[in-house]
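To be precise, the following lines are input_15.cif, and they hold mmCIF, C-alpha atoms.
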```
data_structure
#
loop_
_atom_site.label_atom_id
_atom_site.label_comp_id
_atom_site.auth_asym_id
_atom_site.auth_seq_id
_atom_site.Cartn_x
_atom_site.Cartn_y
_atom_site.Cartn_z
CA MET S 1 193.84 119.64 120.28
CA SER S 2 190.22 120.37 121.14
CA GLY S 3 191.06 120.69 124.84
CA TYR S 4 193.36 123.70 124.58
CA THR S 5 192.98 126.68 126.92
CA ILE S 6 190.76 129.45 125.54
CA PHE S 7 191.39 133.16 126.12
CA THR S 8 188.41 134.49 128.11
CA GLU S 9 187.01 137.93 128.95
CA GLU S 10 188.34 137.60 132.50
CA MET S 11 191.86 137.07 131.15
CA LYS S 12 191.85 140.56 129.63
CA LYS S 13 192.29 141.88 133.18
CA THR S 14 194.80 139.31 134.40
CA HIS S 15 196.95 138.16 131.45
CA THR S 16 199.86 139.66 129.54
CA ILE S 17 199.75 138.72 125.84
CA LEU S 18 203.20 138.11 124.35
CA VAL S 19 203.69 139.24 120.73
CA PRO S 20 206.42 137.82 118.43
CA ASP S 21 209.02 140.25 117.11
CA MET S 22 208.28 140.46 113.36
CA LEU S 23 207.84 144.18 112.67
CA PRO S 24 209.10 146.15 115.68
CA ILE S 25 207.92 149.56 114.39
CA HIS S 26 204.46 148.40 113.30
CA PHE S 27 203.83 146.02 116.17
CA ARG S 28 204.48 148.70 118.80
CA LEU S 29 201.66 150.74 117.27
CA ILE S 30 199.41 147.68 117.09
CA ILE S 31 200.07 146.95 120.74
CA ASP S 32 199.00 150.50 121.63
CA ILE S 33 195.70 149.90 119.80
CA PHE S 34 194.89 146.74 121.71
CA GLU S 35 195.98 148.22 125.04
CA ALA S 36 193.42 150.97 124.41
CA GLU S 37 190.85 148.15 124.16
CA GLY S 38 191.81 146.80 127.58
CA TYR S 39 194.43 144.19 126.65
CA LYS S 40 197.91 144.10 128.16
CA MET S 41 200.63 143.20 125.64
CA GLU S 42 204.40 142.94 125.41
CA LEU S 43 206.60 142.73 122.32
CA LEU S 44 209.21 139.99 122.68
CA ARG S 45 212.82 140.94 121.97
CA ASN S 46 214.65 137.76 123.04
CA ASP S 47 216.86 136.73 120.12
CA SER S 48 219.65 134.54 121.50
CA ARG S 49 220.58 131.11 120.15
CA SER S 50 218.27 129.57 122.77
CA VAL S 51 215.30 130.77 120.67
CA VAL S 52 216.42 128.54 117.79
CA ASP S 53 217.20 125.68 120.18
CA GLU S 54 213.72 125.87 121.72
CA GLY S 55 212.21 125.90 118.24
CA LEU S 56 214.13 122.76 117.30
CA LYS S 57 213.01 121.06 120.53
CA ASN S 58 209.32 121.82 119.99
CA VAL S 59 208.87 121.76 116.20
CA HIS S 60 209.80 119.05 113.71
CA ASN S 61 212.90 120.18 111.83
CA ASP S 62 211.06 119.81 108.51
CA ALA S 63 208.81 122.73 109.49
CA CYS S 64 209.62 126.11 107.98
CA TYR S 65 212.14 128.38 109.68
CA PRO S 66 209.62 131.15 110.55
CA ALA S 67 207.41 128.63 112.38
CA LEU S 68 210.43 127.33 114.25
CA LEU S 69 211.52 130.84 115.28
CA VAL S 70 208.13 132.14 116.39
CA ILE S 71 207.41 129.04 118.47
CA GLY S 72 210.99 129.02 119.78
CA GLN S 73 210.74 132.68 120.83
CA PHE S 74 207.52 131.99 122.72
CA MET S 75 208.88 128.91 124.47
CA ASP S 76 212.16 130.63 125.33
CA ALA S 77 210.22 133.52 126.88
CA LEU S 78 207.94 131.24 128.89
CA LYS S 79 210.93 129.24 130.21
CA SER S 80 212.92 132.37 131.10
CA GLY S 81 211.09 132.84 134.41
CA LYS S 82 210.19 136.41 133.46
CA TYR S 83 206.51 135.58 132.92
CA ASP S 84 203.95 133.84 135.12
CA PRO S 85 202.45 131.06 132.96
CA ASP S 86 199.18 131.39 134.87
CA ARG S 87 198.89 135.01 133.71
CA THR S 88 200.37 134.85 130.23
CA ALA S 89 198.88 134.35 126.75
CA LEU S 90 200.50 134.16 123.30
CA LEU S 91 199.43 136.02 120.15
CA ILE S 92 199.99 134.63 116.66
CA THR S 93 198.80 135.98 113.30
CA GLN S 94 196.88 133.93 110.74
CA THR S 95 196.33 135.11 107.17
CA GLY S 96 193.79 132.47 106.16
CA GLY S 97 195.93 131.12 103.31
CA GLY S 98 197.10 127.56 102.78
CA CYS S 99 200.58 128.14 104.19
CA ARG S 100 202.15 127.99 107.65
CA ALA S 101 200.71 131.41 108.51
CA SER S 102 197.36 129.68 108.97
CA ASN S 103 198.46 126.27 110.12
CA TYR S 104 201.28 126.57 112.60
CA ILE S 105 199.02 127.81 115.37
CA HIS S 106 198.40 124.09 115.89
CA LEU S 107 202.15 123.44 116.19
CA LEU S 108 202.36 126.20 118.78
CA ARG S 109 199.42 124.84 120.73
CA LYS S 110 201.01 121.38 120.72
CA ALA S 111 204.24 122.82 122.15
CA VAL S 112 202.35 124.88 124.74
CA ASP S 113 200.14 121.95 125.75
CA LYS S 114 203.25 119.87 126.40
CA ASN S 115 205.02 122.48 128.55
CA PHE S 116 202.53 125.11 129.74
CA PRO S 117 198.97 123.80 129.18
CA GLN S 118 197.43 126.72 131.10
CA VAL S 119 198.72 129.29 128.58
CA PRO S 120 196.13 130.26 125.93
CA VAL S 121 197.13 130.94 122.31
CA VAL S 122 195.28 133.83 120.68
CA SER S 123 194.80 134.17 116.92
CA LEU S 124 194.94 137.58 115.20
CA ASN S 125 193.10 137.05 111.93
CA PHE S 126 190.44 138.57 109.70
CA SER S 127 189.23 135.28 108.22
CA GLY S 128 187.03 133.93 110.99
CA LEU S 129 189.49 131.12 111.71
CA GLU S 130 189.07 131.44 115.49
CA LYS S 131 185.63 132.38 116.80
CA ASN S 132 185.57 131.13 120.37
CA SER S 133 188.06 133.54 121.90
CA ALA S 134 187.47 136.80 123.78
CA PHE S 135 190.12 138.38 121.54
CA ARG S 136 188.05 140.04 118.81
CA ILE S 137 188.61 142.50 115.97
CA THR S 138 185.79 145.03 115.92
CA PRO S 139 185.25 147.38 112.94
CA LYS S 140 186.70 150.22 115.02
CA VAL S 141 189.83 148.19 115.80
CA PHE S 142 190.13 147.13 112.15
CA VAL S 143 190.26 150.76 111.00
CA LYS S 144 192.82 151.59 113.68
CA LEU S 145 194.95 148.63 112.58
CA LEU S 146 194.82 149.89 109.00
CA TYR S 147 196.17 153.26 110.11
CA ALA S 148 198.82 151.54 112.24
CA VAL S 149 200.07 149.78 109.11
CA LEU S 150 200.06 153.05 107.13
CA TYR S 151 201.87 154.98 109.86
CA GLY S 152 204.26 152.07 110.45
CA ASP S 153 205.14 151.91 106.75
CA LEU S 154 205.80 155.65 106.66
CA LEU S 155 208.00 155.51 109.78
CA MET S 156 209.91 152.49 108.44
CA THR S 157 210.54 154.17 105.08
CA CYS S 158 211.74 157.46 106.55
CA TYR S 159 213.75 155.79 109.30
CA ASN S 160 215.67 153.48 106.95
CA LYS S 161 216.40 156.34 104.56
CA CYS S 162 217.64 158.75 107.21
CA ARG S 163 219.52 156.18 109.27
CA ALA S 164 221.67 155.29 106.26
CA TYR S 165 222.80 158.90 105.72
CA GLU S 166 222.48 160.68 109.08
CA VAL S 167 225.45 162.86 110.03
CA ASN S 168 224.77 162.64 113.76
CA LYS S 169 224.27 158.99 114.64
CA GLY S 170 221.08 158.41 116.58
CA ASP S 171 219.07 161.34 115.20
CA SER S 172 216.76 159.01 113.26
CA GLU S 173 216.18 156.85 116.33
CA ILE S 174 215.16 159.91 118.35
CA ILE S 175 212.55 160.96 115.77
CA LEU S 176 211.28 157.38 115.43
CA THR S 177 210.83 157.02 119.20
CA LYS S 178 209.12 160.42 119.39
CA TRP S 179 206.54 159.45 116.76
CA GLN S 180 205.93 155.98 118.12
CA LYS S 181 204.99 157.57 121.45
CA ARG S 182 202.90 160.29 119.80
CA LEU S 183 201.03 157.86 117.55
CA GLY S 184 200.48 155.57 120.52
CA ASN S 185 198.78 158.45 122.32
CA ILE S 186 196.65 159.18 119.24
CA PHE S 187 195.48 155.57 119.08
CA ARG S 188 194.73 155.49 122.79
CA LYS S 189 192.65 158.68 122.65
CA GLY S 190 191.03 157.85 119.32
CA SER S 191 189.10 161.10 119.06
CA ASN S 192 189.10 162.70 115.60
CA MET S 193 192.23 160.75 114.69
CA TYR S 194 191.00 160.17 111.14
CA LEU S 195 190.48 163.89 110.53
CA LYS S 196 194.14 164.63 111.27
CA THR S 197 195.77 161.95 109.12
CA LYS S 198 197.19 164.26 106.46
CA LYS S 199 198.66 166.61 109.09
CA VAL S 200 200.25 163.68 110.93
CA TYR S 201 201.76 162.36 107.69
CA VAL S 202 203.22 165.77 106.86
CA ASP S 203 204.52 166.31 110.40
CA ILE S 204 206.29 162.94 110.32
CA LEU S 205 207.80 163.70 106.91
CA ASN S 206 208.94 167.15 108.06
CA ASP S 207 210.57 165.81 111.23
CA PHE S 208 212.58 163.20 109.36
CA ALA S 209 213.39 165.66 106.56
CA ALA S 210 214.93 168.01 109.16
CA ILE S 211 217.58 165.41 110.06
CA LYS S 212 221.01 166.44 108.76
CA LEU S 213 222.08 163.91 106.11
CA SER S 214 225.34 163.42 104.26
CA GLY S 215 225.36 163.90 100.51
CA GLU S 216 227.33 160.76 99.76
CA LYS S 217 226.08 158.23 97.25
CA LYS S 218 225.32 154.79 98.66
CA ILE S 219 224.23 151.50 97.19
CA ARG S 220 220.50 150.97 97.66
CA VAL S 221 219.55 147.39 98.50
CA GLY S 222 215.98 146.14 98.32
CA ILE S 223 214.79 143.39 100.66
CA VAL S 224 212.04 141.02 99.50
CA GLY S 225 211.02 137.46 100.35
CA GLU S 226 208.91 135.54 102.81
CA ILE S 227 207.13 138.05 105.03
CA TYR S 228 208.55 136.99 108.40
CA VAL S 229 212.18 136.66 107.27
CA LYS S 230 211.90 139.88 105.24
CA TYR S 231 210.88 141.99 108.23
CA SER S 232 211.99 140.24 111.42
CA PRO S 233 215.44 141.17 112.79
CA LEU S 234 215.43 137.85 114.65
CA ALA S 235 214.89 135.88 111.45
CA ASN S 236 217.22 137.77 109.10
CA ASN S 237 220.03 138.35 111.59
CA HIS S 238 219.43 142.11 111.71
CA LEU S 239 219.83 142.45 107.96
CA GLU S 240 218.96 146.15 107.80
CA ASP S 241 221.57 146.97 110.46
CA PHE S 242 224.17 144.95 108.56
CA LEU S 243 223.46 146.72 105.28
CA ILE S 244 223.81 150.12 106.96
CA SER S 245 227.10 149.02 108.53
CA GLU S 246 228.28 148.14 105.01
CA GLY S 247 227.52 151.64 103.77
CA CYS S 248 224.23 150.79 102.06
CA GLU S 249 220.66 152.07 102.19
CA PRO S 250 218.10 149.30 102.88
CA VAL S 251 214.86 149.66 100.91
CA VAL S 252 212.04 147.57 102.38
CA PRO S 253 208.62 147.26 100.67
CA SER S 254 205.64 148.30 102.77
CA LEU S 255 203.62 145.92 104.92
CA LEU S 256 200.47 147.33 103.33
CA GLU S 257 201.47 145.64 100.07
CA PHE S 258 201.20 142.24 101.76
CA VAL S 259 197.88 143.19 103.38
CA MET S 260 196.47 144.20 99.99
CA TYR S 261 197.93 141.11 98.35
CA THR S 262 196.11 138.92 100.88
CA ALA S 263 192.81 140.75 100.35
CA SER S 264 193.07 140.78 96.55
CA ALA S 265 193.82 137.05 96.50
CA VAL S 266 190.38 136.33 97.95
CA PHE S 267 188.28 138.17 95.35
CA ASN S 268 190.74 137.44 92.54
CA ASN S 269 190.39 133.70 93.17
CA ALA S 270 186.62 134.10 93.23
CA GLU S 271 186.79 135.54 89.71
CA LEU S 272 189.25 132.91 88.49
CA TYR S 273 187.15 130.02 89.78
CA ASP S 274 183.74 131.65 89.30
CA ASN S 275 182.89 131.35 92.98
CA SER S 276 181.67 134.74 94.19
CA THR S 277 180.26 134.84 97.74
CA LYS S 278 179.33 137.48 100.32
CA ARG S 279 182.77 137.02 101.82
CA THR S 280 184.62 137.60 98.55
CA ARG S 281 182.48 140.65 97.78
CA PHE S 282 183.23 142.04 101.25
CA TYR S 283 186.96 141.59 100.65
CA LYS S 284 186.68 143.53 97.40
CA ILE S 285 184.99 146.42 99.20
CA ALA S 286 187.62 146.32 101.96
CA TYR S 287 190.37 146.26 99.34
CA LYS S 288 189.01 149.42 97.71
CA LEU S 289 189.02 151.17 101.09
CA VAL S 290 192.61 150.13 101.82
CA TYR S 291 193.73 151.04 98.30
CA SER S 292 192.25 154.53 98.64
CA LYS S 293 194.24 155.01 101.85
CA GLN S 294 197.43 153.85 100.11
CA LYS S 295 196.87 156.31 97.27
CA GLU S 296 196.35 159.11 99.80
CA LEU S 297 199.70 158.34 101.48
CA ILE S 298 201.48 158.11 98.11
CA ARG S 299 200.03 161.46 97.03
CA ILE S 300 201.11 163.20 100.24
CA MET S 301 204.64 161.76 100.02
CA LYS S 302 204.94 162.86 96.38
CA GLU S 303 203.76 166.37 97.26
CA HIS S 304 206.28 166.52 100.11
CA GLY S 305 209.01 165.45 97.71
CA VAL S 306 211.75 164.25 100.09
CA PHE S 307 211.03 160.54 100.58
CA GLU S 308 210.19 157.94 97.96
CA PRO S 309 206.60 156.68 98.37
CA PRO S 310 205.64 152.99 98.27
CA HIS S 311 204.68 151.41 94.96
CA ASP S 312 201.04 151.77 93.93
CA PHE S 313 199.52 148.34 94.46
CA GLU S 314 197.68 148.26 91.16
CA TYR S 315 201.04 148.99 89.50
CA LEU S 316 202.45 145.94 91.30
CA ARG S 317 199.58 143.82 90.01
CA SER S 318 200.27 144.96 86.45
CA LEU S 319 203.96 144.10 86.87
CA ALA S 320 203.10 140.64 88.19
CA ASP S 321 201.16 139.88 85.00
CA LYS S 322 204.42 140.10 83.03
CA TYR S 323 205.96 137.22 84.96
CA ILE S 324 203.38 135.09 86.73
CA ASN S 325 199.62 134.57 87.02
CA GLN S 326 197.86 136.30 89.92
CA GLY S 327 196.27 132.98 90.74
CA VAL S 328 199.63 131.98 92.29
CA VAL S 329 198.89 133.01 95.86
CA MET S 330 200.43 130.29 98.05
CA GLY S 331 202.74 131.98 100.53
CA GLU S 332 203.81 135.37 99.17
CA GLY S 333 202.93 134.20 95.64
CA TRP S 334 203.10 136.69 92.78
CA LEU S 335 203.90 139.57 95.15
CA ILE S 336 207.61 138.67 95.36
CA PRO S 337 208.43 138.84 91.63
CA ALA S 338 206.28 141.98 91.38
CA GLU S 339 208.23 143.65 94.21
CA MET S 340 211.57 142.61 92.70
CA ALA S 341 210.57 144.09 89.34
CA ALA S 342 209.21 147.28 90.92
CA LEU S 343 212.44 147.79 92.86
CA ALA S 344 214.58 147.22 89.77
CA LYS S 345 212.49 149.62 87.70
CA SER S 346 212.74 152.32 90.37
CA GLY S 347 216.54 152.25 90.45
CA VAL S 348 217.06 149.77 93.30
CA ASP S 349 219.05 147.29 91.22
CA ASN S 350 220.51 145.29 94.12
CA ILE S 351 217.94 143.01 95.71
CA ILE S 352 218.20 140.47 98.52
CA CYS S 353 215.56 137.77 98.50
CA ALA S 354 215.24 136.32 102.02
CA GLN S 355 214.57 132.59 101.68
CA PRO S 356 213.50 130.64 104.80
CA PHE S 357 214.24 126.95 105.04
CA GLY S 358 211.17 124.83 104.43
CA CYS S 359 209.24 127.47 102.47
CA LEU S 360 208.63 125.71 99.16
CA PRO S 361 206.28 128.39 97.72
CA ASN S 362 208.91 131.04 98.35
CA HIS S 363 211.59 129.11 96.48
CA ILE S 364 209.28 128.81 93.47
CA VAL S 365 207.94 132.37 93.29
CA ALA S 366 211.17 134.05 94.43
CA LYS S 367 214.30 132.14 93.47
CA GLY S 368 212.42 130.49 90.60
CA MET S 369 211.23 133.82 89.18
CA SER S 370 214.43 135.86 89.63
CA ARG S 371 215.76 134.84 86.22
CA ALA S 372 212.63 136.11 84.46
CA VAL S 373 212.87 139.39 86.38
CA LYS S 374 216.56 139.77 85.50
CA GLN S 375 215.91 139.08 81.83
CA ASP S 376 213.42 141.94 81.79
CA ASN S 377 215.65 144.16 83.97
CA PRO S 378 219.29 143.52 82.92
CA ASN S 379 220.70 145.78 85.65
CA ALA S 380 219.03 143.78 88.43
CA ASN S 381 221.50 142.14 90.80
CA ILE S 382 219.38 139.62 92.73
CA VAL S 383 220.78 137.25 95.34
CA ALA S 384 218.82 134.68 97.37
CA ILE S 385 219.97 134.30 100.97
CA ASP S 386 218.88 131.18 102.83
CA TYR S 387 217.92 131.44 106.50
CA ASP S 388 217.63 128.24 108.52
CA PRO S 389 218.81 126.76 111.85
CA GLY S 390 222.06 125.49 110.34
CA ALA S 391 222.98 128.56 108.28
CA THR S 392 225.70 130.68 109.84
CA ARG S 393 225.48 134.44 109.98
CA VAL S 394 229.03 134.67 108.59
CA ASN S 395 228.10 132.74 105.44
CA GLN S 396 224.98 134.85 104.92
CA GLU S 397 226.88 138.11 105.32
CA ASN S 398 229.71 136.92 103.06
CA ARG S 399 227.22 136.23 100.28
CA ILE S 400 225.77 139.71 100.73
CA LYS S 401 229.29 141.22 100.69
CA LEU S 402 229.95 139.44 97.39
CA MET S 403 226.75 140.92 95.95
CA LEU S 404 227.81 144.38 97.13
CA ALA S 405 231.28 143.92 95.62
CA ASN S 406 229.65 143.16 92.28
CA ALA S 407 227.42 146.21 92.69
CA ARG S 408 230.39 148.49 93.39
CA ALA S 409 232.30 147.04 90.44
CA ALA S 410 229.35 147.83 88.15
CA GLU S 411 229.21 151.50 89.20
#
```
Would it be possible to restate this file's structure as structure tokens?
Amino acid sequence: MSGYTIFTEEMKKTHTILVPDMLPIHFRLIIDIFEAEGYKMELLRNDSRSVVDEGLKNVHNDACYPALLVIGQFMDALKSGKYDPDRTALLITQTGGGCRASNYIHLLRKAVDKNFPQVPVVSLNFSGLEKNSAFRITPKVFVKLLYAVLYGDLLMTCYNKCRAYEVNKGDSEIILTKWQKRLGNIFRKGSNMYLKTKKVYVDILNDFAAIKLSGEKKIRVGIVGEIYVKYSPLANNHLEDFLISEGCEPVVPSLLEFVMYTASAVFNNAELYDNSTKRTRFYKIAYKLVYSKQKELIRIMKEHGVFEPPHDFEYLRSLADKYINQGVVMGEGWLIPAEMAALAKSGVDNIICAQPFGCLPNHIVAKGMSRAVKQDNPNANIVAIDYDPGATRVNQENRIKLMLANARAAE
């Protein structure tokens, strides 16, 4: 695959970069950041059955479901006629780990080379995996991306909470759209944005807190699992919407937890294997910066008092030590049992673990660890839901309904 098309400086002016639909709230903010740097991007929203069919055509069916969906969504978009292949590029994230998040860029390039060889594939990573592309992450962009994750997590938390209880349907969507536009403008201007962070946090919290909510009690359902299936409406069949339609409140852990998990894995492994390098020391410094920003957000949310803040990451690490070694970092590793335990201990007893087909690490650290978590938290009601090309939405939703029936019976 050494002959693949490379994204060049000239393409910044001529090409639209397509972005897979994993985190709609966060990715819209990220797109605003890169558009401020001169890139043109578009978030894909195609989610028909043809996405799965294209994935099956272009990826071996033993590959994991997230790989199949991302590649299928790209190929479906390129074949739709909506985009000019001569002026289109594709963006895919790489975490630098040993799992598909690092490796399936090669599967995508193989599919693209077969159908649209002129289309470049761009890697978004912080591990130096791709160095010959004009798509680069500067320190300034890195800091903006960090704030996009923080703001995205706050919007996601407030939106899910309010949407589940809003008296006037659509109020939460209006506030979400307002802040996505406002934050996009902040990122595009960039001036003094870091001096106003606390005010922006408080303004967001106040706007969502002003939404009229019902006082009814609803079942809170946590969502954990493989990162793509956990967050992507395409992958989990709009799980959050379904839970709200069933009279529940979805509780989704923050994206920042996964970012910090990825960073901590680098320097933690260096300590475990006695292999400290400049790179591992840099990751430890970066982790401390990110952790300080998380603590700032948690403090502001606690002071505001209306919305539940995310779990302190060091608290998650301490929880993980009760169940599994922090050296287990393939895929989502120790983070999944830690998130399940944190949810259970915070009163979110009902937990859905999103399991993608073909993700062996996830089955070990999620389904394999649920018994240990339940033994330590007897009230935990954990159900693993499998997502794959052959799984029907009806079967998935019926399993969730059964879990909810058990939850209601236990009240």
Counting all atoms listed in the file, find the residues whose atoms lie at most 10 Å from (203.0, 148.5, 91.8) (file coordinates) and write them out as a tab-separated table (two decimals) with C-alpha atoms, in the coordinates of the input.
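Full text of point-v2.tsv as output:
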```tsv
chain	number	residue	atom	x	y	z
S	257	GLU	CA	201.47	145.64	100.07
S	310	PRO	CA	205.64	152.99	98.27
S	311	HIS	CA	204.68	151.41	94.96
S	312	ASP	CA	201.04	151.77	93.93
S	313	PHE	CA	199.52	148.34	94.46
S	314	GLU	CA	197.68	148.26	91.16
S	315	TYR	CA	201.04	148.99	89.50
S	316	LEU	CA	202.45	145.94	91.30
S	317	ARG	CA	199.58	143.82	90.01
S	318	SER	CA	200.27	144.96	86.45
S	319	LEU	CA	203.96	144.10	86.87
S	320	ALA	CA	203.10	140.64	88.19
S	335	LEU	CA	203.90	139.57	95.15
S	338	ALA	CA	206.28	141.98	91.38
S	339	GLU	CA	208.23	143.65	94.21
S	341	ALA	CA	210.57	144.09	89.34
S	342	ALA	CA	209.21	147.28	90.92
S	343	LEU	CA	212.44	147.79	92.86
```
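Taking atom CA of S:Leu176 and atom CA of S:Ile25 as the two end points, the separation is 8.6 Å.
Between atom CA of S:Leu91 and atom CA of S:Thr16 there is a distance of 10.1 Å.
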Next on the checklist: Suppose a student applies the PyMOL selection byres ((chain S and resi 260) around 12) to this structure; what residues should they get, written as a PyMOL selection string?
Outcome noted: chain S and resi 95+146+149-150+254-259+261-268+283-294+312-314+316-317+332+335
Checklist entry - Which is closest to S:Ser214 among S:Tyr165, S:Trp179, S:Tyr151, S:Tyr201, if we use all atoms listed in the file? => result S:Tyr165
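Straight-line separation from atom CA of S:Val143 to atom CA of S:Phe34: 12.3 Å.
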Next on the checklist: Env of stretch 303-307 of chain S: 9 Å cut, atoms = only C-alpha atoms, seq-sep filter 2 positions within chain, self excluded. Answer as number ranges by chain.
Outcome noted: S: 157-158, 161, 202, 205-206, 209, 298-301, 309
Item to check | Target residues per the PyMOL selection byres ((chain S and resi 354) around 9), formatted as a PyMOL selection string | outcome: chain S and resi 223-227+229-230+236+352-353+355-356+366+383-387
Just to be explicit: take each residue in the selection above, keep C-alpha atoms, and write the result as a compact mmCIF listing (two decimals), keeping the file's coordinate frame.
```txt
# COMPACT_ATOMS: atom_id res chain seq x y z
CA ILE S 223 214.79 143.39 100.66
CA VAL S 224 212.04 141.02 99.50
CA GLY S 225 211.02 137.46 100.35
CA GLU S 226 208.91 135.54 102.81
CA ILE S 227 207.13 138.05 105.03
CA VAL S 229 212.18 136.66 107.27
CA LYS S 230 211.90 139.88 105.24
CA ASN S 236 217.22 137.77 109.10
CA ILE S 352 218.20 140.47 98.52
CA CYS S 353 215.56 137.77 98.50
CA GLN S 355 214.57 132.59 101.68
CA PRO S 356 213.50 130.64 104.80
CA ALA S 366 211.17 134.05 94.43
CA VAL S 383 220.78 137.25 95.34
CA ALA S 384 218.82 134.68 97.37
CA ILE S 385 219.97 134.30 100.97
CA ASP S 386 218.88 131.18 102.83
CA TYR S 387 217.92 131.44 106.50
```
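Restricting the calculation to all atoms listed in the file, the smallest distance between S:Ala410 and any of S:Ile137, S:Cys248, S:Ile219, S:Val373 is found for S:Ile219.
Those residues that approach S:Asp47 to within 9 Å, counting only C-alpha atoms, are Val52, Gln73, Pro233, Leu234 and Ala235 of chain S; same-chain residues fewer than 5 positions away are not listed.
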Next on the checklist: Can you spell out as JSON, numbers by chain the set of residues that the PyMOL selection byres ((chain S and resi 39-43) around 7) selects in the structure I just provided?
Outcome noted: {"S": [12, 15, 16, 17, 18, 19, 20, 21, 31, 34, 35, 37, 38, 44, 45]}
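Of the residues listed (S:Ile204, S:Ile211, S:Phe357, S:Met369), S:Phe357 shows the shortest atom-to-atom separation from S:Pro66; distances use only C-alpha atoms.
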Checklist entry - Could you pull the residues within 9 Å of S:Asn381, counting only C-alpha atoms, minus those fewer than 4 positions along the same chain, as a VMD selection string? => result chain S and resid 344 349 to 352 374 403 406 to 407
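Each of S:Leu272, S:Leu78, S:Cys162, S:Leu239 was checked against S:Ala210 using only C-alpha atoms; the smallest atom-to-atom distance is that of S:Cys162.
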Hey, can I get the axis-aligned box for stretch 52-57 of chain S? All listed atoms, 8 Å padding on each side, centre and edge lengths in Å to one decimal, as JSON.
```
{"center_x": 214.7, "center_y": 124.8, "center_z": 119.5, "size_x": 21.0, "size_y": 23.5, "size_z": 20.4}
```
Next on the checklist: With 12 Å as the threshold, what does the neighbourhood of (216.9, 123.7, 118.6) contain in terms of residues, counting only C-alpha atoms? Coordinates are those of the file; answer as a list of chain:residue names.
Outcome noted: S:Ser48, S:Arg49, S:Ser50, S:Val51, S:Val52, S:Asp53, S:Glu54, S:Gly55, S:Leu56, S:Lys57, S:Asn58, S:Val59, S:His60, S:Asn61, S:Tyr65, S:Leu68, S:Leu69, S:Ile71, S:Gly72, S:Gln73, S:Met75, S:Asp76, S:Asp388, S:Pro389, S:Gly390
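Comparing S:Ala391, S:Val348, S:Ile105, S:Ile382 by their smallest distance to S:Pro120, the closest is S:Ile105 (using all atoms listed in the file).
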Checklist entry - Of the candidates S:Gly247, S:Gly327, S:Pro361, S:Gly222, which one gets nearest to S:Met340 if we count only C-alpha atoms? => result S:Gly222
Next on the checklist: With all atoms listed in the file as the counted atoms, please give the residues lying no more than 10 Å from S:Asp241, apart from itself and same-chain residues fewer than 3 positions off, as a ChimeraX atom specification.
Outcome noted: /S:160,163-164,233,237-238,244-246,248-250
Next on the checklist: Taking 4 positions as the minimum chain separation for residues in the same chain, which residues sit within 6 Å of S:Ser232 when counting only C-alpha atoms? Answer as number ranges by chain.
Outcome noted: S: 22-23, 228
Preceding selection exported with C-alpha atoms as a compact mmCIF listing (two decimals), in the coordinates of the input:
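So the final result, stored in selection07.txt, reads:
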```
# COMPACT_ATOMS: atom_id res chain seq x y z
CA MET S 22 208.28 140.46 113.36
CA LEU S 23 207.84 144.18 112.67
CA TYR S 228 208.55 136.99 108.40
```
